[in-house]
>>> print(open('start31.tsv').read())   # TSV, C-alpha atoms
chain	number	residue	atom	x	y	z
A	121	MET	CA	-4.75	17.96	13.15
A	122	SER	CA	-5.54	21.44	11.93
A	123	GLU	CA	-8.46	23.48	13.25
A	124	ASP	CA	-10.76	22.19	10.48
A	125	GLY	CA	-10.12	18.57	11.51
A	126	LYS	CA	-7.89	17.78	8.56
A	127	PRO	CA	-4.35	16.42	9.00
A	128	ALA	CA	-1.73	19.15	9.27
A	129	PRO	CA	0.44	19.76	6.17
A	130	GLY	CA	3.00	17.02	5.68
A	131	VAL	CA	1.60	14.79	8.43
A	132	PRO	CA	0.90	11.25	7.19
A	133	THR	CA	-2.29	9.42	8.03
A	134	THR	CA	-3.28	6.00	6.70
A	135	ASP	CA	-6.20	7.33	4.66
A	136	ARG	CA	-4.23	10.27	3.29
A	137	VAL	CA	-1.22	8.21	2.20
A	138	LYS	CA	-3.24	5.34	0.74
A	139	GLY	CA	-5.47	7.74	-1.18
A	140	ILE	CA	-2.54	9.71	-2.58
A	141	PHE	CA	-0.56	6.74	-3.83
A	142	THR	CA	-3.62	5.00	-5.22
A	143	ARG	CA	-4.34	8.07	-7.33
A	144	ILE	CA	-0.81	8.79	-8.53
A	145	ALA	CA	0.42	5.21	-9.12
A	146	PRO	CA	0.18	5.35	-12.97
A	147	ALA	CA	2.37	8.49	-13.17
A	148	TYR	CA	4.63	7.90	-10.18
A	149	ASP	CA	7.66	6.58	-12.08
A	150	LEU	CA	7.62	9.39	-14.63
A	151	PHE	CA	7.30	11.94	-11.85
A	152	ASN	CA	10.34	10.47	-10.05
A	153	ILE	CA	12.48	10.60	-13.17
A	154	LEU	CA	11.52	14.16	-14.08
A	155	SER	CA	11.59	15.62	-10.57
A	156	SER	CA	15.03	14.16	-9.75
A	157	PHE	CA	16.49	14.60	-13.27
A	158	GLY	CA	17.11	10.85	-13.26
A	159	ILE	CA	19.40	10.99	-10.22
A	160	ASP	CA	17.00	8.75	-8.30
A	161	ARG	CA	18.52	5.78	-10.13
A	162	LEU	CA	21.96	6.63	-8.75
A	163	TRP	CA	20.48	6.92	-5.25
A	164	ARG	CA	19.06	3.43	-5.48
A	165	ARG	CA	22.34	2.09	-6.86
A	166	SER	CA	24.16	3.56	-3.83
A	167	THR	CA	21.57	2.04	-1.51
A	168	VAL	CA	22.17	-1.43	-2.93
A	169	ARG	CA	25.93	-1.01	-2.55
A	170	LEU	CA	25.65	0.19	1.05
A	171	ALA	CA	23.29	-2.67	1.98
A	172	ARG	CA	26.08	-5.21	1.35
A	173	VAL	CA	23.87	-8.00	0.02
A	174	ASP	CA	25.19	-11.29	-1.29
A	175	ASP	CA	23.71	-14.28	-3.09
A	176	ARG	CA	22.45	-15.75	0.19
A	177	SER	CA	20.64	-12.63	1.44
A	178	VAL	CA	16.90	-12.73	2.07
A	179	VAL	CA	15.61	-9.17	1.54
A	180	LEU	CA	12.37	-7.46	2.56
A	181	ASP	CA	11.53	-4.29	0.64
A	182	LEU	CA	9.00	-2.18	2.56
A	183	ALA	CA	6.74	0.51	1.10
A	184	ALA	CA	8.16	-0.74	-2.18
A	185	GLY	CA	5.73	1.22	-4.33
A	186	THR	CA	6.32	0.57	-8.01
A	187	GLY	CA	9.28	-1.70	-7.28
A	188	ASP	CA	12.23	0.40	-8.42
A	189	LEU	CA	14.36	-0.42	-5.37
A	190	THR	CA	13.26	-4.05	-5.52
A	191	MET	CA	14.46	-4.29	-9.11
A	192	ALA	CA	17.70	-2.44	-8.34
A	193	PHE	CA	18.48	-5.00	-5.65
A	194	ALA	CA	17.66	-7.87	-8.00
A	195	ARG	CA	19.76	-6.55	-10.88
A	196	LEU	CA	22.71	-5.12	-8.94
A	197	GLY	CA	22.85	-7.00	-5.62
A	198	LYS	CA	21.50	-10.36	-6.80
A	199	PRO	CA	20.32	-11.59	-3.36
A	200	ALA	CA	18.72	-15.01	-2.99
A	201	SER	CA	15.24	-13.50	-2.71
A	202	ILE	CA	13.32	-10.26	-2.33
A	203	LEU	CA	9.83	-9.88	-0.92
A	204	SER	CA	8.44	-6.59	-2.24
A	205	THR	CA	5.64	-5.19	-0.08
A	206	ASP	CA	3.37	-2.16	0.04
A	207	PHE	CA	-0.09	-1.45	1.43
A	208	VAL	CA	-1.27	0.12	-1.87
A	209	PRO	CA	-2.01	-2.67	-4.38
A	210	GLU	CA	-2.11	-0.24	-7.30
A	211	MET	CA	1.56	0.61	-6.71
A	212	LEU	CA	2.62	-3.03	-6.38
A	213	ASN	CA	0.83	-3.88	-9.63
A	214	VAL	CA	3.30	-1.62	-11.46
A	215	GLY	CA	6.21	-3.38	-9.75
A	216	GLU	CA	4.89	-6.79	-10.69
A	217	ARG	CA	4.89	-5.80	-14.36
A	218	LYS	CA	8.56	-4.79	-14.07
A	219	ALA	CA	9.48	-8.05	-12.36
A	220	ALA	CA	7.79	-10.04	-15.12
A	221	ALA	CA	10.58	-8.93	-17.48
A	222	TYR	CA	13.37	-9.93	-15.06
A	223	ASP	CA	15.25	-13.14	-15.81
A	224	GLY	CA	18.06	-13.03	-13.23
A	225	PRO	CA	18.83	-15.38	-10.33
A	226	THR	CA	16.93	-13.53	-7.58
A	227	LYS	CA	13.50	-14.82	-6.59
A	228	ILE	CA	11.09	-11.86	-6.48
A	229	GLU	CA	7.69	-12.03	-4.80
A	230	PHE	CA	5.08	-9.39	-4.01
A	231	GLU	CA	2.71	-9.08	-1.08
A	232	VAL	CA	0.34	-6.42	0.20
A	233	ALA	CA	1.51	-5.59	3.72
A	234	ASP	CA	1.53	-2.66	6.15
A	235	ALA	CA	5.10	-1.77	7.15
A	236	GLN	CA	3.82	-0.94	10.65
A	237	ASP	CA	2.24	-4.38	11.20
A	238	LEU	CA	4.14	-7.03	9.28
A	239	PRO	CA	2.57	-10.47	8.79
A	240	PHE	CA	5.93	-12.29	8.88
A	241	ASP	CA	7.68	-14.58	11.34
A	242	ASP	CA	10.38	-13.35	13.67
A	243	GLY	CA	13.93	-13.43	12.32
A	244	ARG	CA	12.98	-14.20	8.73
A	245	PHE	CA	15.05	-11.62	6.81
A	246	ASP	CA	18.71	-10.64	6.55
A	247	ILE	CA	18.05	-7.14	5.25
A	248	ALA	CA	15.04	-4.83	5.26
A	249	THR	CA	14.94	-1.84	2.95
A	250	VAL	CA	12.70	1.13	2.33
A	251	ALA	CA	13.03	3.95	-0.21
A	252	PHE	CA	11.12	7.19	0.30
A	253	GLY	CA	8.52	5.42	2.42
A	254	VAL	CA	9.46	5.96	6.06
A	255	ARG	CA	8.29	9.57	6.02
A	256	ASN	CA	4.84	8.39	4.88
A	257	LEU	CA	4.33	6.11	7.88
A	258	PRO	CA	1.95	7.46	10.53
A	259	ASP	CA	3.81	5.48	13.21
A	260	ARG	CA	7.56	5.18	12.54
A	261	SER	CA	8.20	3.63	15.94
A	262	ALA	CA	5.83	0.76	15.10
A	263	ASN	CA	7.70	0.21	11.85
A	264	PHE	CA	11.04	0.16	13.65
A	265	ARG	CA	9.76	-2.39	16.17
A	266	GLU	CA	8.39	-4.60	13.43
A	267	VAL	CA	11.57	-4.43	11.37
A	268	ARG	CA	13.69	-5.39	14.38
A	269	ARG	CA	11.37	-8.31	14.99
A	270	VAL	CA	11.52	-9.76	11.46
A	271	LEU	CA	15.27	-9.27	11.00
A	272	LYS	CA	17.75	-11.97	11.92
A	273	PRO	CA	20.41	-11.17	14.55
A	274	GLY	CA	22.96	-9.02	12.80
A	275	GLY	CA	20.44	-8.00	10.16
A	276	ARG	CA	20.37	-4.50	8.71
A	277	TYR	CA	17.65	-1.94	8.08
A	278	VAL	CA	18.58	0.26	5.10
A	279	ILE	CA	16.57	3.47	4.68
A	280	LEU	CA	16.81	5.76	1.64
A	281	GLU	CA	14.96	8.98	2.32
A	282	PHE	CA	14.89	12.68	1.53
A	283	THR	CA	16.48	14.69	4.30
A	284	ARG	CA	17.97	18.07	5.16
A	285	PRO	CA	21.08	19.28	3.30
A	286	PRO	CA	23.64	20.46	5.87
A	287	ASN	CA	24.84	23.39	3.74
A	288	PRO	CA	22.50	26.39	4.30
A	289	LEU	CA	22.69	27.58	0.68
A	290	VAL	CA	21.99	24.12	-0.73
A	291	ARG	CA	19.14	23.72	1.78
A	292	TRP	CA	17.59	27.05	0.75
A	293	LEU	CA	17.80	26.22	-2.96
A	294	TYR	CA	16.44	22.74	-2.34
A	295	HIS	CA	13.46	23.98	-0.35
A	296	ARG	CA	12.70	26.58	-3.00
A	297	TYR	CA	12.73	23.81	-5.61
A	298	LEU	CA	10.40	21.66	-3.51
A	299	HIS	CA	7.97	24.53	-3.05
A	300	ALA	CA	7.95	25.74	-6.64
A	301	VAL	CA	8.41	22.62	-8.74
A	302	ILE	CA	7.13	19.49	-6.98
A	303	PRO	CA	3.41	20.41	-6.68
A	304	ALA	CA	3.40	22.02	-10.14
A	305	LEU	CA	5.06	19.07	-11.87
A	306	GLY	CA	2.93	16.51	-10.04
A	307	GLY	CA	-0.22	18.44	-10.84
A	308	LEU	CA	0.74	18.65	-14.50
A	309	LEU	CA	1.35	14.90	-14.76
A	310	THR	CA	-1.65	13.70	-12.75
A	311	GLY	CA	-4.08	16.58	-12.30
A	312	ASP	CA	-3.69	16.04	-8.54
A	313	ARG	CA	-1.63	18.98	-7.28
A	314	PRO	CA	-2.73	18.61	-3.60
A	315	SER	CA	-1.17	15.13	-3.37
A	316	PHE	CA	2.18	16.49	-4.47
A	317	GLN	CA	1.84	19.45	-2.14
A	318	TYR	CA	1.60	16.86	0.65
A	319	LEU	CA	4.76	15.15	-0.63
A	320	ASN	CA	6.57	18.50	-0.59
A	321	ASP	CA	5.35	19.22	2.95
A	322	SER	CA	6.23	15.72	4.16
A	323	ILE	CA	9.84	16.08	3.00
A	324	ARG	CA	10.24	19.35	4.87
A	325	ALA	CA	8.58	17.95	8.00
A	326	PHE	CA	10.73	14.81	8.13
A	327	PRO	CA	13.45	14.68	10.80
A	328	PRO	CA	17.03	15.40	9.68
A	329	GLN	CA	19.78	12.80	9.66
A	330	LEU	CA	20.86	12.94	13.30
A	331	ALA	CA	17.28	12.95	14.59
A	332	LEU	CA	16.31	9.91	12.52
A	333	ALA	CA	19.43	8.10	13.71
A	334	SER	CA	18.43	8.88	17.30
A	335	GLU	CA	14.96	7.42	16.68
A	336	LEU	CA	16.52	4.23	15.34
A	337	ARG	CA	18.81	3.91	18.35
A	338	ALA	CA	15.89	4.51	20.71
A	339	ALA	CA	14.06	1.65	18.94
A	340	GLY	CA	16.92	-0.68	19.81
A	341	PHE	CA	19.03	-0.65	16.65
A	342	THR	CA	22.80	-0.56	17.00
A	343	ARG	CA	25.64	0.75	14.86
A	344	VAL	CA	23.42	3.36	13.23
A	345	ALA	CA	25.11	5.43	10.54
A	346	TRP	CA	24.10	7.47	7.53
A	347	HIS	CA	25.60	8.46	4.20
A	348	ASN	CA	24.57	11.73	2.55
A	349	LEU	CA	24.04	11.69	-1.21
A	350	THR	CA	23.80	14.65	-3.60
A	351	PHE	CA	24.81	17.28	-1.04
A	352	GLY	CA	22.54	15.73	1.60
A	353	ILE	CA	19.31	16.03	-0.40
A	354	VAL	CA	18.86	12.35	0.45
A	355	ALA	CA	20.60	10.05	2.90
A	356	VAL	CA	20.96	6.33	3.35
A	357	HIS	CA	20.63	5.27	7.00
A	358	ILE	CA	21.89	1.83	7.99
A	359	ALA	CA	20.88	0.36	11.35
A	360	GLU	CA	21.85	-3.08	12.63
A	361	VAL	CA	19.98	-5.42	14.95
>>> encode(input="start31.tsv", output="structure tokens")
Amino acid sequence: MSEDGKPAPGVPTTDRVKGIFTRIAPAYDLFNILSSFGIDRLWRRSTVRLARVDDRSVVLDLAAGTGDLTMAFARLGKPASILSTDFVPEMLNVGERKAAAYDGPTKIEFEVADAQDLPFDDGRFDIATVAFGVRNLPDRSANFREVRRVLKPGGRYVILEFTRPPNPLVRWLYHRYLHAVIPALGGLLTGDRPSFQYLNDSIRAFPPQLALASELRAAGFTRVAWHNLTFGIVAVHIAEV
């Protein structure tokens, strides 16, 4: 907390995160496309490939937001089923509209759920996924414990998240872009610049690749690895139970 009692920049709290994503839900997809120049679609495609799903896989998508990763798994991975969850109903409502147009083999369901306190039985899922949501969890360790609990033995947790480019020049350019463009673009699209300032701050405050891998190992995951994408602007971490 800062001296005025407000959360420090980039630090997630339940009220802060829920309020932000409730407000920006209608413009969130457009913001993602514009801010990433459309590369976010390639990141999700890589995540599906690295998750190694098959037609028997039972998938849990956490902090699923507007359902873009859910739909990428359905269209590209074609698992048996996907349960798409988020604790902001306004975001899930957007995802449900996308799923209504899907006519493939994967069963897609939606449920409001907190990724830190999952209302599911032990060992229910083969794969758990999350895209750009782990950094918005006030208690990552609780999320890791819950994911380990609901995964089957041998199951995998697949995390797509912004991270720290290893090249100093790329990192400097990237951080300048975050500072100059993200709050301005978000404010232009939604009129809510402070929410996007938080998103900028949260990216810069998030642990880099090795540190996140260490957190996953400390939570009991094994065979933790990561794959940098787009010069390390984002990474896909894979952790097995």
>>> residues_near_point(input="start31.tsv", point="(5.7, -7.8, -8.5)", cutoff="10 Å", atoms="only C-alpha atoms", output="count of residues only")
23
>>> residues_around(input="start31.tsv", residues="Lys227 in chain A", least_positions_apart="5", cutoff="8 Å", atoms="only C-alpha atoms", output="VMD selection string")
chain A and resid 200 to 202
>>> residues_near_point(input="start31.tsv", point="(-2.3, 4.9, -8.3)", cutoff="10 Å", atoms="all atoms listed in the file", output="list in words")
Lys138, Gly139, Ile140, Phe141, Thr142, Arg143, Ile144, Ala145, Pro146, Ala147, Tyr148, Gly185, Thr186, Val208, Pro209, Glu210, Met211, Leu212, Asn213, Val214 and Thr310 of chain A
>>> write_last_selection(input="start31.tsv", atoms="C-alpha atoms", output="tab-separated table (two decimals), in the frame of the given file")
chain	number	residue	atom	x	y	z
A	138	LYS	CA	-3.24	5.34	0.74
A	139	GLY	CA	-5.47	7.74	-1.18
A	140	ILE	CA	-2.54	9.71	-2.58
A	141	PHE	CA	-0.56	6.74	-3.83
A	142	THR	CA	-3.62	5.00	-5.22
A	143	ARG	CA	-4.34	8.07	-7.33
A	144	ILE	CA	-0.81	8.79	-8.53
A	145	ALA	CA	0.42	5.21	-9.12
A	146	PRO	CA	0.18	5.35	-12.97
A	147	ALA	CA	2.37	8.49	-13.17
A	148	TYR	CA	4.63	7.90	-10.18
A	185	GLY	CA	5.73	1.22	-4.33
A	186	THR	CA	6.32	0.57	-8.01
A	208	VAL	CA	-1.27	0.12	-1.87
A	209	PRO	CA	-2.01	-2.67	-4.38
A	210	GLU	CA	-2.11	-0.24	-7.30
A	211	MET	CA	1.56	0.61	-6.71
A	212	LEU	CA	2.62	-3.03	-6.38
A	213	ASN	CA	0.83	-3.88	-9.63
A	214	VAL	CA	3.30	-1.62	-11.46
A	310	THR	CA	-1.65	13.70	-12.75
>>> closest_atom_pairs(input="start31.tsv", of="range 204-287 of chain A", to="range 323-338 of chain A", cutoff="7 Å", atoms="all atoms listed in the file", output="CSV")
residue,atom,partner,partner_atom,distance
A:Arg255,CA,A:Phe326,CA,6.2
A:Phe282,CA,A:Ile323,CA,6.3
A:Thr283,CA,A:Pro328,CA,5.5
A:Arg284,CA,A:Pro328,CA,5.3
>>> write_last_selection(input="start31.tsv", atoms="C-alpha atoms", output="PDB file, keeping the file's coordinate frame")
ATOM      1  CA  ARG A 255       8.290   9.570   6.020  1.00  0.00           C
ATOM      2  CA  PHE A 282      14.890  12.680   1.530  1.00  0.00           C
ATOM      3  CA  THR A 283      16.480  14.690   4.300  1.00  0.00           C
ATOM      4  CA  ARG A 284      17.970  18.070   5.160  1.00  0.00           C
TER       5      ARG A 284
END
>>> atom_distance(input="start31.tsv", atom1="CA of Leu293 in chain A", atom2="CA of Leu309 in chain A")
23.2 Å
>>> atom_distance(input="start31.tsv", atom1="CA of Arg165 in chain A", atom2="CA of Leu196 in chain A")
7.5 Å
>>> residues_around(input="start31.tsv", residues="Lys272 in chain A", least_positions_apart="2", cutoff="8 Å", atoms="all atoms listed in the file", output="list in words")
Asp242, Gly243, Arg244, Phe245, Asp246, Arg269, Val270, Gly274, Gly275 and Val361 of chain A
>>> closest_residue(input="start31.tsv", among="A:Tyr277, A:Trp163, A:Tyr294, A:Phe252", to="Ile358 in chain A", atoms="all atoms listed in the file")
A:Tyr277
>>> residues_around(input="start31.tsv", residues="Val278 in chain A", least_positions_apart="4", cutoff="12 Å", atoms="only C-alpha atoms", output="MDAnalysis selection string")
chainID A and resid 164 166:173 179:182 189 193 246:254 264 267:268 271 333 336 341 344:347 355:361
>>> write_last_selection(input="start31.tsv", atoms="C-alpha atoms", output="PDB file, keeping the file's coordinate frame")
ATOM      1  CA  ARG A 164      19.060   3.430  -5.480  1.00  0.00           C
ATOM      2  CA  SER A 166      24.160   3.560  -3.830  1.00  0.00           C
ATOM      3  CA  THR A 167      21.570   2.040  -1.510  1.00  0.00           C
ATOM      4  CA  VAL A 168      22.170  -1.430  -2.930  1.00  0.00           C
ATOM      5  CA  ARG A 169      25.930  -1.010  -2.550  1.00  0.00           C
ATOM      6  CA  LEU A 170      25.650   0.190   1.050  1.00  0.00           C
ATOM      7  CA  ALA A 171      23.290  -2.670   1.980  1.00  0.00           C
ATOM      8  CA  ARG A 172      26.080  -5.210   1.350  1.00  0.00           C
ATOM      9  CA  VAL A 173      23.870  -8.000   0.020  1.00  0.00           C
ATOM     10  CA  VAL A 179      15.610  -9.170   1.540  1.00  0.00           C
ATOM     11  CA  LEU A 180      12.370  -7.460   2.560  1.00  0.00           C
ATOM     12  CA  ASP A 181      11.530  -4.290   0.640  1.00  0.00           C
ATOM     13  CA  LEU A 182       9.000  -2.180   2.560  1.00  0.00           C
ATOM     14  CA  LEU A 189      14.360  -0.420  -5.370  1.00  0.00           C
ATOM     15  CA  PHE A 193      18.480  -5.000  -5.650  1.00  0.00           C
ATOM     16  CA  ASP A 246      18.710 -10.640   6.550  1.00  0.00           C
ATOM     17  CA  ILE A 247      18.050  -7.140   5.250  1.00  0.00           C
ATOM     18  CA  ALA A 248      15.040  -4.830   5.260  1.00  0.00           C
ATOM     19  CA  THR A 249      14.940  -1.840   2.950  1.00  0.00           C
ATOM     20  CA  VAL A 250      12.700   1.130   2.330  1.00  0.00           C
ATOM     21  CA  ALA A 251      13.030   3.950  -0.210  1.00  0.00           C
ATOM     22  CA  PHE A 252      11.120   7.190   0.300  1.00  0.00           C
ATOM     23  CA  GLY A 253       8.520   5.420   2.420  1.00  0.00           C
ATOM     24  CA  VAL A 254       9.460   5.960   6.060  1.00  0.00           C
ATOM     25  CA  PHE A 264      11.040   0.160  13.650  1.00  0.00           C
ATOM     26  CA  VAL A 267      11.570  -4.430  11.370  1.00  0.00           C
ATOM     27  CA  ARG A 268      13.690  -5.390  14.380  1.00  0.00           C
ATOM     28  CA  LEU A 271      15.270  -9.270  11.000  1.00  0.00           C
ATOM     29  CA  ALA A 333      19.430   8.100  13.710  1.00  0.00           C
ATOM     30  CA  LEU A 336      16.520   4.230  15.340  1.00  0.00           C
ATOM     31  CA  PHE A 341      19.030  -0.650  16.650  1.00  0.00           C
ATOM     32  CA  VAL A 344      23.420   3.360  13.230  1.00  0.00           C
ATOM     33  CA  ALA A 345      25.110   5.430  10.540  1.00  0.00           C
ATOM     34  CA  TRP A 346      24.100   7.470   7.530  1.00  0.00           C
ATOM     35  CA  HIS A 347      25.600   8.460   4.200  1.00  0.00           C
ATOM     36  CA  ALA A 355      20.600  10.050   2.900  1.00  0.00           C
ATOM     37  CA  VAL A 356      20.960   6.330   3.350  1.00  0.00           C
ATOM     38  CA  HIS A 357      20.630   5.270   7.000  1.00  0.00           C
ATOM     39  CA  ILE A 358      21.890   1.830   7.990  1.00  0.00           C
ATOM     40  CA  ALA A 359      20.880   0.360  11.350  1.00  0.00           C
ATOM     41  CA  GLU A 360      21.850  -3.080  12.630  1.00  0.00           C
ATOM     42  CA  VAL A 361      19.980  -5.420  14.950  1.00  0.00           C
TER      43      VAL A 361
END
>>> closest_residue(input="start31.tsv", among="A:Thr342, A:Thr226, A:Ser155, A:Thr134", to="Ile302 in chain A", atoms="only C-alpha atoms")
A:Ser155
>>> residues_around(input="start31.tsv", residues="Glu266 in chain A", least_positions_apart="6", cutoff="8 Å", atoms="all atoms listed in the file", output="CSV table (one decimal) with C-alpha atoms, in the coordinates of the input")
chain,number,residue,atom,x,y,z
A,235,ALA,CA,5.1,-1.8,7.2
A,236,GLN,CA,3.8,-0.9,10.6
A,237,ASP,CA,2.2,-4.4,11.2
A,238,LEU,CA,4.1,-7.0,9.3
>>> residues_around(input="start31.tsv", residues="Gly130 in chain A", least_positions_apart="4", cutoff="7 Å", atoms="all atoms listed in the file", output="list in words")
Tyr318, Leu319, Asp321, Ser322 and Ala325 of chain A
>>> atom_distance(input="start31.tsv", atom1="CA of Tyr222 in chain A", atom2="CA of Lys198 in chain A")
11.6 Å
>>> closest_residue(input="start31.tsv", among="A:Ser156, A:Ser177, A:Arg291, A:Pro225", to="Ala194 in chain A", atoms="only C-alpha atoms")
A:Pro225
>>> decode(input="start31.tsv", residues="range 257-334 of chain A", atoms="C-alpha atoms", output="PDB file, in the first residue's frame")
ATOM      1  CA  LEU A 257      -3.967 -12.302  -9.147  1.00  0.00           C
ATOM      2  CA  PRO A 258      -3.440 -10.868  -5.654  1.00  0.00           C
ATOM      3  CA  ASP A 259      -2.263 -14.294  -4.436  1.00  0.00           C
ATOM      4  CA  ARG A 260      -0.363 -16.269  -7.096  1.00  0.00           C
ATOM      5  CA  SER A 261       0.625 -18.951  -4.602  1.00  0.00           C
ATOM      6  CA  ALA A 262      -3.051 -19.675  -3.886  1.00  0.00           C
ATOM      7  CA  ASN A 263      -3.673 -20.004  -7.610  1.00  0.00           C
ATOM      8  CA  PHE A 264      -0.754 -22.400  -8.002  1.00  0.00           C
ATOM      9  CA  ARG A 265      -2.012 -24.565  -5.126  1.00  0.00           C
ATOM     10  CA  GLU A 266      -5.507 -24.667  -6.566  1.00  0.00           C
ATOM     11  CA  VAL A 267      -4.307 -25.518 -10.064  1.00  0.00           C
ATOM     12  CA  ARG A 268      -2.185 -28.380  -8.744  1.00  0.00           C
ATOM     13  CA  ARG A 269      -5.203 -29.652  -6.855  1.00  0.00           C
ATOM     14  CA  VAL A 270      -7.602 -29.697  -9.816  1.00  0.00           C
ATOM     15  CA  LEU A 271      -5.115 -31.128 -12.320  1.00  0.00           C
ATOM     16  CA  LYS A 272      -4.795 -34.854 -12.884  1.00  0.00           C
ATOM     17  CA  PRO A 273      -1.407 -36.499 -12.224  1.00  0.00           C
ATOM     18  CA  GLY A 274       0.766 -35.575 -15.167  1.00  0.00           C
ATOM     19  CA  GLY A 275      -1.411 -32.565 -15.962  1.00  0.00           C
ATOM     20  CA  ARG A 276       0.058 -29.309 -17.213  1.00  0.00           C
ATOM     21  CA  TYR A 277      -0.375 -25.669 -16.268  1.00  0.00           C
ATOM     22  CA  VAL A 278       0.224 -23.438 -19.312  1.00  0.00           C
ATOM     23  CA  ILE A 279       0.749 -19.728 -18.609  1.00  0.00           C
ATOM     24  CA  LEU A 280       0.941 -17.050 -21.317  1.00  0.00           C
ATOM     25  CA  GLU A 281       2.076 -13.782 -19.803  1.00  0.00           C
ATOM     26  CA  PHE A 282       3.971 -10.584 -20.513  1.00  0.00           C
ATOM     27  CA  THR A 283       7.488 -10.770 -19.179  1.00  0.00           C
ATOM     28  CA  ARG A 284      10.929  -9.189 -19.391  1.00  0.00           C
ATOM     29  CA  PRO A 285      12.817  -9.256 -22.714  1.00  0.00           C
ATOM     30  CA  PRO A 286      16.357 -10.532 -22.056  1.00  0.00           C
ATOM     31  CA  ASN A 287      17.974  -8.159 -24.573  1.00  0.00           C
ATOM     32  CA  PRO A 288      18.607  -4.767 -22.873  1.00  0.00           C
ATOM     33  CA  LEU A 289      17.818  -2.728 -26.001  1.00  0.00           C
ATOM     34  CA  VAL A 290      14.574  -4.608 -26.678  1.00  0.00           C
ATOM     35  CA  ARG A 291      13.651  -4.255 -23.000  1.00  0.00           C
ATOM     36  CA  TRP A 292      14.263  -0.495 -23.061  1.00  0.00           C
ATOM     37  CA  LEU A 293      12.197  -0.015 -26.219  1.00  0.00           C
ATOM     38  CA  TYR A 294       9.438  -2.234 -24.853  1.00  0.00           C
ATOM     39  CA  HIS A 295       9.218  -0.359 -21.558  1.00  0.00           C
ATOM     40  CA  ARG A 296       9.142   2.963 -23.397  1.00  0.00           C
ATOM     41  CA  TYR A 297       6.261   1.643 -25.494  1.00  0.00           C
ATOM     42  CA  LEU A 298       4.394   0.482 -22.390  1.00  0.00           C
ATOM     43  CA  HIS A 299       4.827   3.852 -20.717  1.00  0.00           C
ATOM     44  CA  ALA A 300       3.937   6.010 -23.702  1.00  0.00           C
ATOM     45  CA  VAL A 301       1.336   4.019 -25.615  1.00  0.00           C
ATOM     46  CA  ILE A 302      -0.629   1.658 -23.361  1.00  0.00           C
ATOM     47  CA  PRO A 303      -2.287   4.231 -21.045  1.00  0.00           C
ATOM     48  CA  ALA A 304      -2.869   6.651 -23.933  1.00  0.00           C
ATOM     49  CA  LEU A 305      -4.436   4.041 -26.222  1.00  0.00           C
ATOM     50  CA  GLY A 306      -6.546   2.547 -23.440  1.00  0.00           C
ATOM     51  CA  GLY A 307      -7.721   5.979 -22.381  1.00  0.00           C
ATOM     52  CA  LEU A 308      -8.643   6.859 -25.951  1.00  0.00           C
ATOM     53  CA  LEU A 309     -10.707   3.684 -26.408  1.00  0.00           C
ATOM     54  CA  THR A 310     -12.446   3.651 -23.028  1.00  0.00           C
ATOM     55  CA  GLY A 311     -12.002   7.035 -21.364  1.00  0.00           C
ATOM     56  CA  ASP A 312     -10.386   5.153 -18.462  1.00  0.00           C
ATOM     57  CA  ARG A 313      -6.666   5.956 -18.661  1.00  0.00           C
ATOM     58  CA  PRO A 314      -5.931   5.020 -14.997  1.00  0.00           C
ATOM     59  CA  SER A 315      -6.988   1.402 -15.585  1.00  0.00           C
ATOM     60  CA  PHE A 316      -4.502   1.068 -18.417  1.00  0.00           C
ATOM     61  CA  GLN A 317      -1.825   2.793 -16.377  1.00  0.00           C
ATOM     62  CA  TYR A 318      -2.316  -0.035 -13.871  1.00  0.00           C
ATOM     63  CA  LEU A 319      -1.940  -2.610 -16.661  1.00  0.00           C
ATOM     64  CA  ASN A 320       1.311  -0.956 -17.736  1.00  0.00           C
ATOM     65  CA  ASP A 321       2.586  -0.928 -14.147  1.00  0.00           C
ATOM     66  CA  SER A 322       1.523  -4.534 -13.552  1.00  0.00           C
ATOM     67  CA  ILE A 323       3.530  -5.760 -16.546  1.00  0.00           C
ATOM     68  CA  ARG A 324       6.662  -4.031 -15.319  1.00  0.00           C
ATOM     69  CA  ALA A 325       6.162  -5.296 -11.756  1.00  0.00           C
ATOM     70  CA  PHE A 326       5.640  -8.929 -12.782  1.00  0.00           C
ATOM     71  CA  PRO A 327       8.513 -11.349 -12.098  1.00  0.00           C
ATOM     72  CA  PRO A 328      10.723 -12.291 -15.058  1.00  0.00           C
ATOM     73  CA  GLN A 329      10.860 -15.764 -16.552  1.00  0.00           C
ATOM     74  CA  LEU A 330      13.290 -17.433 -14.155  1.00  0.00           C
ATOM     75  CA  ALA A 331      11.598 -15.976 -11.074  1.00  0.00           C
ATOM     76  CA  LEU A 332       8.150 -17.160 -12.163  1.00  0.00           C
ATOM     77  CA  ALA A 333       9.560 -20.610 -12.890  1.00  0.00           C
ATOM     78  CA  SER A 334      11.034 -20.665  -9.380  1.00  0.00           C
TER      79      SER A 334
END
